[in-house]
$ cat model_3.pdb   # PDB, C-alpha atoms, pLDDT in the B column
ATOM      1  CA  MET A   1      15.061 -27.593  28.535  1.00 59.00           C
ATOM      2  CA  SER A   2      15.129 -29.091  32.025  1.00 80.00           C
ATOM      3  CA  LYS A   3      12.591 -27.922  34.591  1.00 84.00           C
ATOM      4  CA  ILE A   4      15.316 -26.655  36.953  1.00 86.00           C
ATOM      5  CA  VAL A   5      17.034 -24.577  34.275  1.00 90.00           C
ATOM      6  CA  ARG A   6      13.726 -23.166  32.980  1.00 89.00           C
ATOM      7  CA  ARG A   7      12.605 -22.271  36.497  1.00 90.00           C
ATOM      8  CA  THR A   8      15.881 -20.506  37.305  1.00 91.00           C
ATOM      9  CA  LEU A   9      15.774 -18.457  34.105  1.00 90.00           C
ATOM     10  CA  ASP A  10      12.111 -17.598  34.713  1.00 92.00           C
ATOM     11  CA  PHE A  11      13.120 -16.448  38.206  1.00 92.00           C
ATOM     12  CA  PHE A  12      15.585 -13.841  36.940  1.00 90.00           C
ATOM     13  CA  GLU A  13      13.334 -12.775  34.073  1.00 90.00           C
ATOM     14  CA  LEU A  14      10.568 -12.134  36.614  1.00 93.00           C
ATOM     15  CA  PHE A  15      12.809  -9.615  38.369  1.00 92.00           C
ATOM     16  CA  ALA A  16      13.792  -8.074  35.036  1.00 88.00           C
ATOM     17  CA  ASP A  17      10.101  -7.446  34.350  1.00 90.00           C
ATOM     18  CA  GLU A  18       9.115  -6.302  37.863  1.00 92.00           C
ATOM     19  CA  LYS A  19      12.259  -4.273  38.684  1.00 91.00           C
ATOM     20  CA  ARG A  20      11.562  -4.308  42.442  1.00 94.00           C
ATOM     21  CA  PRO A  21      12.053  -6.562  45.467  1.00 94.00           C
ATOM     22  CA  LEU A  22       9.583  -9.452  45.551  1.00 94.00           C
ATOM     23  CA  SER A  23       8.270 -11.485  48.465  1.00 94.00           C
ATOM     24  CA  LEU A  24       8.232 -15.275  48.556  1.00 93.00           C
ATOM     25  CA  SER A  25       4.510 -15.322  47.771  1.00 93.00           C
ATOM     26  CA  GLU A  26       4.909 -12.874  44.863  1.00 94.00           C
ATOM     27  CA  ILE A  27       7.707 -14.957  43.372  1.00 94.00           C
ATOM     28  CA  SER A  28       5.639 -18.106  43.814  1.00 94.00           C
ATOM     29  CA  ARG A  29       2.684 -16.533  42.002  1.00 94.00           C
ATOM     30  CA  GLY A  30       4.875 -15.002  39.312  1.00 94.00           C
ATOM     31  CA  LEU A  31       6.523 -18.345  38.525  1.00 93.00           C
ATOM     32  CA  GLY A  32       3.351 -20.379  38.995  1.00 93.00           C
ATOM     33  CA  ILE A  33       5.047 -22.848  41.349  1.00 91.00           C
ATOM     34  CA  PRO A  34       4.281 -24.021  44.924  1.00 92.00           C
ATOM     35  CA  MET A  35       5.671 -22.004  47.833  1.00 91.00           C
ATOM     36  CA  SER A  36       7.828 -24.946  48.918  1.00 91.00           C
ATOM     37  CA  SER A  37       9.510 -25.228  45.507  1.00 91.00           C
ATOM     38  CA  CYS A  38       9.949 -21.464  45.377  1.00 92.00           C
ATOM     39  CA  PHE A  39      11.579 -21.453  48.815  1.00 91.00           C
ATOM     40  CA  ASP A  40      14.045 -24.176  47.762  1.00 92.00           C
ATOM     41  CA  LEU A  41      15.010 -22.144  44.671  1.00 92.00           C
ATOM     42  CA  ILE A  42      15.470 -18.949  46.685  1.00 93.00           C
ATOM     43  CA  GLN A  43      17.533 -20.736  49.323  1.00 92.00           C
ATOM     44  CA  SER A  44      19.864 -22.263  46.723  1.00 92.00           C
ATOM     45  CA  LEU A  45      20.402 -18.941  44.926  1.00 92.00           C
ATOM     46  CA  GLN A  46      20.883 -17.114  48.229  1.00 91.00           C
ATOM     47  CA  GLU A  47      23.519 -19.625  49.353  1.00 91.00           C
ATOM     48  CA  ARG A  48      25.475 -19.000  46.107  1.00 91.00           C
ATOM     49  CA  GLY A  49      25.213 -15.218  46.503  1.00 91.00           C
ATOM     50  CA  TYR A  50      22.957 -14.547  43.513  1.00 89.00           C
ATOM     51  CA  ILE A  51      20.089 -13.018  45.487  1.00 92.00           C
ATOM     52  CA  TYR A  52      19.707 -11.371  48.883  1.00 91.00           C
ATOM     53  CA  GLU A  53      16.901 -10.417  51.250  1.00 91.00           C
ATOM     54  CA  LEU A  54      16.608  -6.688  51.895  1.00 88.00           C
ATOM     55  CA  HIS A  55      15.610  -7.323  55.530  1.00 85.00           C
ATOM     56  CA  ASN A  56      13.329  -9.718  57.364  1.00 82.00           C
ATOM     57  CA  ARG A  57      10.180  -9.994  55.195  1.00 80.00           C
ATOM     58  CA  GLY A  58      11.488  -7.110  53.083  1.00 86.00           C
ATOM     59  CA  GLY A  59      11.540  -9.084  49.871  1.00 93.00           C
ATOM     60  CA  TYR A  60      14.306 -10.582  47.699  1.00 93.00           C
ATOM     61  CA  TYR A  61      16.355  -9.074  44.894  1.00 93.00           C
ATOM     62  CA  PRO A  62      19.197 -10.263  42.597  1.00 91.00           C
ATOM     63  CA  ALA A  63      22.634  -9.425  44.001  1.00 90.00           C
ATOM     64  CA  VAL A  64      25.412  -7.504  42.243  1.00 87.00           C
ATOM     65  CA  ARG A  65      27.222 -10.846  41.826  1.00 86.00           C
ATOM     66  CA  LEU A  66      24.901 -11.637  38.915  1.00 82.00           C
ATOM     67  CA  GLN A  67      25.742  -8.354  37.148  1.00 79.00           C
ATOM     68  CA  ASP A  68      29.483  -8.856  37.709  1.00 81.00           C
ATOM     69  CA  LEU A  69      29.298 -12.359  36.283  1.00 82.00           C
ATOM     70  CA  ALA A  70      27.281 -11.242  33.250  1.00 75.00           C
ATOM     71  CA  SER A  71      29.576  -8.251  32.612  1.00 72.00           C
ATOM     72  CA  GLY A  72      32.659 -10.444  32.707  1.00 75.00           C
ATOM     73  CA  ILE A  73      31.118 -12.855  30.206  1.00 72.00           C
ATOM     74  CA  ALA A  74      29.891 -10.053  27.915  1.00 66.00           C
ATOM     75  CA  GLN A  75      33.339  -8.439  27.749  1.00 66.00           C
ATOM     76  CA  LYS A  76      34.689 -11.568  26.061  1.00 68.00           C
ATOM     77  CA  ASP A  77      31.693 -12.144  23.750  1.00 72.00           C
ATOM     78  CA  ALA A  78      33.311 -12.889  20.379  1.00 76.00           C
ATOM     79  CA  LEU A  79      30.199 -11.886  18.440  1.00 78.00           C
ATOM     80  CA  VAL A  80      29.934  -8.520  20.186  1.00 80.00           C
ATOM     81  CA  GLN A  81      33.653  -7.840  19.792  1.00 83.00           C
ATOM     82  CA  ALA A  82      33.462  -8.497  16.051  1.00 85.00           C
ATOM     83  CA  LEU A  83      30.071  -7.039  15.090  1.00 91.00           C
ATOM     84  CA  ASP A  84      29.167  -4.366  17.635  1.00 91.00           C
ATOM     85  CA  ALA A  85      30.868  -1.312  16.086  1.00 92.00           C
ATOM     86  CA  PRO A  86      29.328  -1.536  12.585  1.00 95.00           C
ATOM     87  CA  LEU A  87      25.868  -2.054  14.076  1.00 96.00           C
ATOM     88  CA  ARG A  88      26.261   0.900  16.421  1.00 95.00           C
ATOM     89  CA  GLY A  89      27.529   2.925  13.486  1.00 96.00           C
ATOM     90  CA  LEU A  90      24.379   2.113  11.494  1.00 97.00           C
ATOM     91  CA  ARG A  91      22.175   3.063  14.454  1.00 96.00           C
ATOM     92  CA  ASP A  92      24.049   6.340  14.921  1.00 96.00           C
ATOM     93  CA  ARG A  93      23.955   7.150  11.200  1.00 96.00           C
ATOM     94  CA  LEU A  94      20.187   6.630  10.847  1.00 96.00           C
ATOM     95  CA  ASP A  95      19.073   7.208  14.469  1.00 96.00           C
ATOM     96  CA  GLU A  96      16.593   4.347  14.191  1.00 96.00           C
ATOM     97  CA  SER A  97      16.332   0.994  15.967  1.00 95.00           C
ATOM     98  CA  VAL A  98      18.845  -1.570  14.726  1.00 96.00           C
ATOM     99  CA  SER A  99      18.923  -5.254  15.605  1.00 95.00           C
ATOM    100  CA  LEU A 100      20.930  -8.352  14.797  1.00 95.00           C
ATOM    101  CA  ALA A 101      19.264 -11.760  14.624  1.00 95.00           C
ATOM    102  CA  GLN A 102      20.615 -15.236  13.974  1.00 94.00           C
ATOM    103  CA  SER A 103      19.082 -18.072  11.987  1.00 92.00           C
ATOM    104  CA  ILE A 104      18.144 -21.072  14.121  1.00 90.00           C
ATOM    105  CA  GLY A 105      16.709 -23.468  11.570  1.00 85.00           C
ATOM    106  CA  ARG A 106      13.365 -22.140  10.453  1.00 90.00           C
ATOM    107  CA  GLN A 107      13.245 -19.290  12.958  1.00 92.00           C
ATOM    108  CA  VAL A 108      15.370 -16.315  13.936  1.00 93.00           C
ATOM    109  CA  ARG A 109      16.396 -15.148  17.393  1.00 93.00           C
ATOM    110  CA  TYR A 110      17.479 -11.599  18.254  1.00 93.00           C
ATOM    111  CA  LEU A 111      21.035 -11.382  19.584  1.00 91.00           C
ATOM    112  CA  LEU A 112      21.653  -7.623  19.779  1.00 92.00           C
ATOM    113  CA  VAL A 113      19.296  -4.621  19.866  1.00 93.00           C
ATOM    114  CA  TYR A 114      20.366  -0.963  19.601  1.00 93.00           C
ATOM    115  CA  ASP A 115      17.905   1.768  20.523  1.00 92.00           C
ATOM    116  CA  PRO A 116      17.759   5.201  18.818  1.00 93.00           C
ATOM    117  CA  SER A 117      17.897   8.516  20.649  1.00 90.00           C
ATOM    118  CA  HIS A 118      14.135   9.051  20.287  1.00 85.00           C
ATOM    119  CA  ALA A 119      11.276   7.241  22.018  1.00 78.00           C
ATOM    120  CA  LEU A 120       9.778   5.614  18.890  1.00 72.00           C
ATOM    121  CA  ARG A 121      11.781   2.412  18.873  1.00 70.00           C
ATOM    122  CA  PHE A 122      11.834  -1.284  17.989  1.00 73.00           C
ATOM    123  CA  THR A 123       9.942  -3.309  20.594  1.00 74.00           C
ATOM    124  CA  VAL A 124      11.952  -6.535  20.646  1.00 82.00           C
ATOM    125  CA  ARG A 125      14.316  -7.847  23.293  1.00 83.00           C
ATOM    126  CA  VAL A 126      17.506  -9.833  23.060  1.00 84.00           C
ATOM    127  CA  GLY A 127      16.515 -13.499  23.079  1.00 85.00           C
ATOM    128  CA  ASP A 128      13.113 -12.969  21.436  1.00 87.00           C
ATOM    129  CA  LEU A 129      12.073 -14.991  18.406  1.00 89.00           C
ATOM    130  CA  ALA A 130      10.540 -13.287  15.357  1.00 89.00           C
ATOM    131  CA  ARG A 131       6.843 -12.808  16.028  1.00 83.00           C
ATOM    132  CA  ARG A 132       5.586 -13.907  12.603  1.00 90.00           C
ATOM    133  CA  LEU A 133       7.579 -15.007   9.584  1.00 94.00           C
ATOM    134  CA  HIS A 134       4.990 -13.762   7.092  1.00 95.00           C
ATOM    135  CA  ALA A 135       4.455 -10.304   8.624  1.00 95.00           C
ATOM    136  CA  THR A 136       7.953  -9.187   9.633  1.00 96.00           C
ATOM    137  CA  SER A 137      10.879  -8.175   7.462  1.00 97.00           C
ATOM    138  CA  VAL A 138      13.235 -10.463   9.387  1.00 97.00           C
ATOM    139  CA  GLY A 139      10.827 -13.360   8.851  1.00 96.00           C
ATOM    140  CA  LYS A 140      10.568 -12.683   5.139  1.00 97.00           C
ATOM    141  CA  ALA A 141      14.349 -12.355   4.943  1.00 97.00           C
ATOM    142  CA  LEU A 142      14.736 -15.756   6.588  1.00 96.00           C
ATOM    143  CA  LEU A 143      12.316 -17.313   4.095  1.00 96.00           C
ATOM    144  CA  ALA A 144      14.209 -15.707   1.218  1.00 96.00           C
ATOM    145  CA  THR A 145      17.490 -17.283   2.361  1.00 95.00           C
ATOM    146  CA  LEU A 146      16.063 -20.811   2.546  1.00 94.00           C
ATOM    147  CA  PRO A 147      16.453 -23.136  -0.447  1.00 93.00           C
ATOM    148  CA  GLU A 148      13.401 -22.651  -2.687  1.00 92.00           C
ATOM    149  CA  GLU A 149      11.912 -26.099  -1.984  1.00 94.00           C
ATOM    150  CA  GLU A 150      12.288 -25.649   1.764  1.00 94.00           C
ATOM    151  CA  CYS A 151      10.873 -22.127   1.545  1.00 95.00           C
ATOM    152  CA  ALA A 152       7.796 -23.457  -0.275  1.00 94.00           C
ATOM    153  CA  GLU A 153       7.370 -26.122   2.402  1.00 94.00           C
ATOM    154  CA  VAL A 154       7.542 -23.562   5.214  1.00 94.00           C
ATOM    155  CA  LEU A 155       5.153 -21.208   3.403  1.00 94.00           C
ATOM    156  CA  ALA A 156       2.626 -24.015   2.987  1.00 93.00           C
ATOM    157  CA  GLY A 157       2.565 -24.584   6.745  1.00 93.00           C
ATOM    158  CA  LEU A 158       2.374 -20.963   7.928  1.00 93.00           C
ATOM    159  CA  GLU A 159      -0.760 -19.594   9.540  1.00 93.00           C
ATOM    160  CA  LEU A 160      -1.203 -16.307   7.704  1.00 95.00           C
ATOM    161  CA  ASP A 161      -3.095 -14.352  10.344  1.00 94.00           C
ATOM    162  CA  ALA A 162      -3.669 -10.632   9.839  1.00 95.00           C
ATOM    163  CA  MET A 163      -1.711  -8.544  12.344  1.00 95.00           C
ATOM    164  CA  THR A 164      -2.752  -5.281  10.629  1.00 96.00           C
ATOM    165  CA  PRO A 165      -4.907  -4.444   7.603  1.00 96.00           C
ATOM    166  CA  ARG A 166      -1.710  -4.479   5.495  1.00 96.00           C
ATOM    167  CA  THR A 167      -0.543  -7.979   6.476  1.00 96.00           C
ATOM    168  CA  ILE A 168      -0.153 -10.293   3.479  1.00 96.00           C
ATOM    169  CA  THR A 169      -2.520 -13.199   4.078  1.00 96.00           C
ATOM    170  CA  ASP A 170      -2.664 -14.613   0.540  1.00 95.00           C
ATOM    171  CA  ARG A 171      -0.163 -17.459   0.139  1.00 95.00           C
ATOM    172  CA  GLY A 172       0.468 -16.801  -3.558  1.00 95.00           C
ATOM    173  CA  ARG A 173       1.093 -13.095  -2.991  1.00 96.00           C
ATOM    174  CA  LEU A 174       3.424 -13.883  -0.096  1.00 96.00           C
ATOM    175  CA  ALA A 175       5.409 -16.289  -2.304  1.00 96.00           C
ATOM    176  CA  GLU A 176       5.810 -13.474  -4.855  1.00 96.00           C
ATOM    177  CA  GLU A 177       6.959 -11.125  -2.089  1.00 96.00           C
ATOM    178  CA  ILE A 178       9.584 -13.646  -0.942  1.00 97.00           C
ATOM    179  CA  ALA A 179      10.833 -14.085  -4.516  1.00 96.00           C
ATOM    180  CA  GLU A 180      11.157 -10.289  -4.869  1.00 97.00           C
ATOM    181  CA  THR A 181      12.952 -10.121  -1.504  1.00 97.00           C
ATOM    182  CA  ARG A 182      15.431 -12.746  -2.684  1.00 96.00           C
ATOM    183  CA  ARG A 183      16.024 -10.836  -5.930  1.00 96.00           C
ATOM    184  CA  ARG A 184      16.652  -7.398  -4.410  1.00 95.00           C
ATOM    185  CA  GLY A 185      18.627  -8.641  -1.379  1.00 96.00           C
ATOM    186  CA  TYR A 186      16.558  -7.165   1.456  1.00 97.00           C
ATOM    187  CA  ALA A 187      13.063  -7.497   2.932  1.00 98.00           C
ATOM    188  CA  ILE A 188      10.497  -4.804   3.704  1.00 97.00           C
ATOM    189  CA  ASN A 189       7.708  -4.765   6.264  1.00 97.00           C
ATOM    190  CA  ARG A 190       5.561  -1.710   5.666  1.00 96.00           C
ATOM    191  CA  GLU A 191       2.907  -1.589   8.411  1.00 96.00           C
ATOM    192  CA  GLU A 192       2.375  -5.361   8.108  1.00 96.00           C
ATOM    193  CA  SER A 193       3.029  -6.182  11.773  1.00 94.00           C
ATOM    194  CA  VAL A 194       2.523  -2.786  13.444  1.00 92.00           C
ATOM    195  CA  THR A 195       0.637   0.159  11.970  1.00 93.00           C
ATOM    196  CA  THR A 196       2.739   3.282  11.267  1.00 93.00           C
ATOM    197  CA  ALA A 197       5.980   1.251  11.534  1.00 94.00           C
ATOM    198  CA  VAL A 198       8.391   0.234   8.767  1.00 96.00           C
ATOM    199  CA  THR A 199      11.275  -2.243   8.951  1.00 96.00           C
ATOM    200  CA  TYR A 200      13.984  -3.264   6.499  1.00 97.00           C
ATOM    201  CA  THR A 201      16.084  -6.416   6.898  1.00 98.00           C
ATOM    202  CA  GLY A 202      19.252  -7.409   5.091  1.00 98.00           C
ATOM    203  CA  TRP A 203      21.297 -10.560   5.591  1.00 97.00           C
ATOM    204  CA  PHE A 204      24.829 -11.899   5.518  1.00 96.00           C
ATOM    205  CA  THR A 205      26.695 -15.064   6.480  1.00 94.00           C
ATOM    206  CA  TRP A 206      29.111 -14.948   9.408  1.00 91.00           C
ATOM    207  CA  GLN A 207      31.015 -17.981  10.686  1.00 87.00           C
ATOM    208  CA  ARG A 208      28.871 -20.125   8.342  1.00 89.00           C
ATOM    209  CA  THR A 209      25.662 -18.895  10.009  1.00 90.00           C
ATOM    210  CA  PRO A 210      22.964 -16.729   8.350  1.00 94.00           C
ATOM    211  CA  MET A 211      22.570 -13.431  10.223  1.00 95.00           C
ATOM    212  CA  PHE A 212      19.986 -10.682   9.772  1.00 97.00           C
ATOM    213  CA  VAL A 213      20.234  -6.924  10.343  1.00 98.00           C
ATOM    214  CA  THR A 214      16.998  -4.969  10.752  1.00 97.00           C
ATOM    215  CA  VAL A 215      16.440  -1.223  10.736  1.00 97.00           C
ATOM    216  CA  ALA A 216      13.075  -0.215  12.182  1.00 95.00           C
ATOM    217  CA  GLY A 217      11.341   3.085  12.718  1.00 95.00           C
ATOM    218  CA  PRO A 218       8.136   5.088  12.405  1.00 94.00           C
ATOM    219  CA  LEU A 219       6.647   5.435   8.924  1.00 94.00           C
ATOM    220  CA  PHE A 220       7.215   9.211   8.592  1.00 93.00           C
ATOM    221  CA  SER A 221      10.859   8.961   9.626  1.00 93.00           C
ATOM    222  CA  MET A 222      11.757   5.921   7.514  1.00 94.00           C
ATOM    223  CA  ASP A 223      10.104   7.389   4.433  1.00 93.00           C
ATOM    224  CA  ALA A 224      12.003  10.650   4.889  1.00 94.00           C
ATOM    225  CA  LYS A 225      15.321   8.789   5.024  1.00 94.00           C
ATOM    226  CA  GLY A 226      14.376   6.680   2.025  1.00 88.00           C
ATOM    227  CA  GLN A 227      17.316   5.240   0.097  1.00 93.00           C
ATOM    228  CA  ALA A 228      19.766   6.084   2.892  1.00 96.00           C
ATOM    229  CA  VAL A 229      18.211   3.305   4.973  1.00 96.00           C
ATOM    230  CA  VAL A 230      18.658   0.693   2.230  1.00 96.00           C
ATOM    231  CA  GLU A 231      22.193   1.814   1.373  1.00 97.00           C
ATOM    232  CA  GLY A 232      23.252   1.915   5.034  1.00 97.00           C
ATOM    233  CA  LEU A 233      21.705  -1.487   5.699  1.00 97.00           C
ATOM    234  CA  LEU A 234      23.361  -3.232   2.752  1.00 97.00           C
ATOM    235  CA  ASP A 235      26.701  -1.526   3.365  1.00 97.00           C
ATOM    236  CA  THR A 236      26.638  -2.668   7.000  1.00 97.00           C
ATOM    237  CA  CYS A 237      25.807  -6.253   6.004  1.00 97.00           C
ATOM    238  CA  ARG A 238      28.816  -6.304   3.655  1.00 96.00           C
ATOM    239  CA  THR A 239      31.045  -4.922   6.414  1.00 95.00           C
ATOM    240  CA  LEU A 240      29.782  -7.462   8.942  1.00 95.00           C
ATOM    241  CA  ALA A 241      30.244 -10.391   6.575  1.00 94.00           C
ATOM    242  CA  ALA A 242      33.941  -9.515   6.282  1.00 92.00           C
ATOM    243  CA  GLN A 243      34.620  -9.306  10.032  1.00 89.00           C
ATOM    244  CA  PRO A 244      36.932 -12.105  11.232  1.00 86.00           C
ATOM    245  CA  LEU A 245      36.208 -13.747  14.569  1.00 78.00           C
ATOM    246  CA  GLY A 246      37.956 -11.995  17.434  1.00 63.00           C
ATOM    247  CA  ALA A 247      39.275  -9.103  15.305  1.00 52.00           C
ATOM    248  CA  GLN A 248      38.855  -5.451  16.160  1.00 51.00           C
ATOM    249  CA  PRO A 249      35.851  -4.454  13.997  1.00 45.00           C
ATOM    250  CA  SER A 250      35.657  -1.633  11.510  1.00 49.00           C
ATOM    251  CA  ALA A 251      32.595   0.617  11.480  1.00 50.00           C
ATOM    252  CA  GLY A 252      31.816   0.980   7.789  1.00 49.00           C
ATOM    253  CA  ARG A 253      32.687   3.511   5.141  1.00 47.00           C
ATOM    254  CA  ASP A 254      31.778   6.620   7.062  1.00 47.00           C
ATOM    255  CA  GLY A 255      34.120   5.714   9.916  1.00 45.00           C
ATOM    256  CA  LYS A 256      31.443   5.809  12.591  1.00 43.00           C
TER     257      LYS A 256
END
$ encode --input "model_3.pdb" --output "structure tokens"
Amino acid sequence: MSKIVRRTLDFFELFADEKRPLSLSEISRGLGIPMSSCFDLIQSLQERGYIYELHNRGGYYPAVRLQDLASGIAQKDALVQALDAPLRGLRDRLDESVSLAQSIGRQVRYLLVYDPSHALRFTVRVGDLARRLHATSVGKALLATLPEEECAEVLAGLELDAMTPRTITDRGRLAEEIAETRRRGYAINREESVTTAVTYTGWFTWQRTPMFVTVAGPLFSMDAKGQAVVEGLLDTCRTLAAQPLGAQPSAGRDGK
């Protein structure tokens, strides 16, 4: 990625994190760039109407133009138009965090995240990569979808650090877990990346690309819902796999 593009994206992500007007010096520190470079970036974005200054020395903030542009793009997002309703239906049915991720080679990136009504929710953001392949259900699902020789190659190169006491750090045991994941058609992460949290991930192919759906929630809640989580997850993956590009999506068997 070019330095200019990276710096511009970092600029807007800084405001997304801070959620308040920022001075020139604060932006410079936040981006880790010289004041002169920061001023040039601010001036260019201000000239195009993407940021404004509240008042003299009052700090800068992204303008509504950015939201309008993003909203217009999002309304025509083919992936959202095709896959949004079934994913929302799964979230509403289970009232747990639901996410959609896409395979990008030997990693996965989150494309959509749906929060539940309660505060105990999945802590990933759109655009994030999977934290660890060996300790997350989405990572294990990715490994299970790779050809067996490639999967073995990736497993051999993974650093199997312990994120919790339940993380699988034995390479042979992890290989057995991946084989079982491949056989049953979904992956499980039971307190392997975060204590007291459970995630299930299923997969499907859409537009010739492997995609992954994850349901995540607190241990007590996921255990109480039991088989309903697995059935809802697999049913949603089947529904999503059948969605044509640009079509009005269906929401699954229950009509949600």
$ closest_residue --input "model_3.pdb" --among "A:Thr195, A:Thr167, A:Ser99, A:Thr205" --to "Leu233 (chain A)" --atoms "all atoms listed in the file"
A:Ser99
$ resolve_selection --input "model_3.pdb" --expression "the PyMOL selection byres ((chain A and resi 128) around 6)" --output "CSV table (one decimal) with C-alpha atoms, in the coordinates of the input"
chain,number,residue,atom,x,y,z
A,109,ARG,CA,16.4,-15.1,17.4
A,110,TYR,CA,17.5,-11.6,18.3
A,125,ARG,CA,14.3,-7.8,23.3
A,126,VAL,CA,17.5,-9.8,23.1
A,127,GLY,CA,16.5,-13.5,23.1
A,129,LEU,CA,12.1,-15.0,18.4
$ closest_residue --input "model_3.pdb" --among "A:His55, A:Arg88, A:Arg166, A:Arg132" --to "Pro116 (chain A)" --atoms "all atoms listed in the file"
A:Arg88
$ resolve_selection --input "model_3.pdb" --expression "the PyMOL selection byres ((chain A and resi 2-15) around 12)" --output "PyMOL selection string"
chain A and resi 1+16-24+26-34+37-42+44-45+50-51+59-63+66-67+125+127
$ closest_residue --input "model_3.pdb" --among "A:Leu174, A:Leu94, A:Met163, A:Ala179" --to "Arg131 (chain A)" --atoms "all atoms listed in the file"
A:Met163
$ resolve_selection --input "model_3.pdb" --expression "the PyMOL selection byres ((chain A and resi 83) around 12)" --output "PyMOL selection string"
chain A and resi 77-82+84-90+99-101+111-112+204+206-207+211-213+236-252
$ closest_residue --input "model_3.pdb" --among "A:Glu47, A:Asp161, A:Glu150, A:Glu53" --to "Glu192 (chain A)" --atoms "only C-alpha atoms"
A:Asp161
$ residues_near_point --input "model_3.pdb" --point "(-0.1, -10.3, 3.3)" --cutoff "12 Å" --atoms "only C-alpha atoms" --output "PyMOL selection string"
chain A and resi 132-137+140+158-178+188-193
$ closest_residue --input "model_3.pdb" --among "A:Thr209, A:Gly157, A:Asp223, A:Gly139" --to "Ala187 (chain A)" --atoms "all atoms listed in the file"
A:Gly139
$ build_atoms --input "model_3.pdb" --residues "region 70-84 of chain A" --atoms "N, CA and C atoms" --output "mmCIF file, in the frame of the given file"
data_model
loop_
_atom_site.group_PDB
_atom_site.id
_atom_site.type_symbol
_atom_site.label_atom_id
_atom_site.label_comp_id
_atom_site.auth_asym_id
_atom_site.auth_seq_id
_atom_site.Cartn_x
_atom_site.Cartn_y
_atom_site.Cartn_z
ATOM 1 N N ALA A 70 27.754 -11.500 34.612
ATOM 2 C CA ALA A 70 27.281 -11.242 33.250
ATOM 3 C C ALA A 70 28.206 -10.261 32.529
ATOM 4 N N SER A 71 28.682 -9.238 33.234
ATOM 5 C CA SER A 71 29.576 -8.251 32.612
ATOM 6 C C SER A 71 30.886 -8.893 32.188
ATOM 7 N N GLY A 72 31.420 -9.766 33.037
ATOM 8 C CA GLY A 72 32.659 -10.444 32.707
ATOM 9 C C GLY A 72 32.518 -11.335 31.481
ATOM 10 N N ILE A 73 31.383 -12.007 31.371
ATOM 11 C CA ILE A 73 31.118 -12.855 30.206
ATOM 12 C C ILE A 73 30.959 -11.995 28.956
ATOM 13 N N ALA A 74 30.181 -10.909 29.068
ATOM 14 C CA ALA A 74 29.891 -10.053 27.915
ATOM 15 C C ALA A 74 31.150 -9.411 27.354
ATOM 16 N N GLN A 75 32.110 -9.087 28.216
ATOM 17 C CA GLN A 75 33.339 -8.439 27.749
ATOM 18 C C GLN A 75 34.135 -9.335 26.805
ATOM 19 N N LYS A 76 33.948 -10.627 26.904
ATOM 20 C CA LYS A 76 34.689 -11.568 26.061
ATOM 21 C C LYS A 76 33.797 -12.201 24.986
ATOM 22 N N ASP A 77 32.621 -11.614 24.754
ATOM 23 C CA ASP A 77 31.693 -12.144 23.750
ATOM 24 C C ASP A 77 32.285 -11.913 22.359
ATOM 25 N N ALA A 78 32.651 -13.002 21.682
ATOM 26 C CA ALA A 78 33.311 -12.889 20.379
ATOM 27 C C ALA A 78 32.415 -12.210 19.359
ATOM 28 N N LEU A 79 31.121 -12.492 19.399
ATOM 29 C CA LEU A 79 30.199 -11.886 18.440
ATOM 30 C C LEU A 79 30.126 -10.376 18.649
ATOM 31 N N VAL A 80 30.007 -9.952 19.901
ATOM 32 C CA VAL A 80 29.934 -8.520 20.186
ATOM 33 C C VAL A 80 31.236 -7.832 19.799
ATOM 34 N N GLN A 81 32.363 -8.441 20.126
ATOM 35 C CA GLN A 81 33.653 -7.840 19.792
ATOM 36 C C GLN A 81 33.803 -7.629 18.287
ATOM 37 N N ALA A 82 33.288 -8.581 17.503
ATOM 38 C CA ALA A 82 33.462 -8.497 16.051
ATOM 39 C C ALA A 82 32.420 -7.628 15.367
ATOM 40 N N LEU A 83 31.171 -7.639 15.853
ATOM 41 C CA LEU A 83 30.071 -7.039 15.090
ATOM 42 C C LEU A 83 29.466 -5.783 15.706
ATOM 43 N N ASP A 84 29.822 -5.466 16.933
ATOM 44 C CA ASP A 84 29.167 -4.366 17.635
ATOM 45 C C ASP A 84 29.360 -3.012 16.950
#
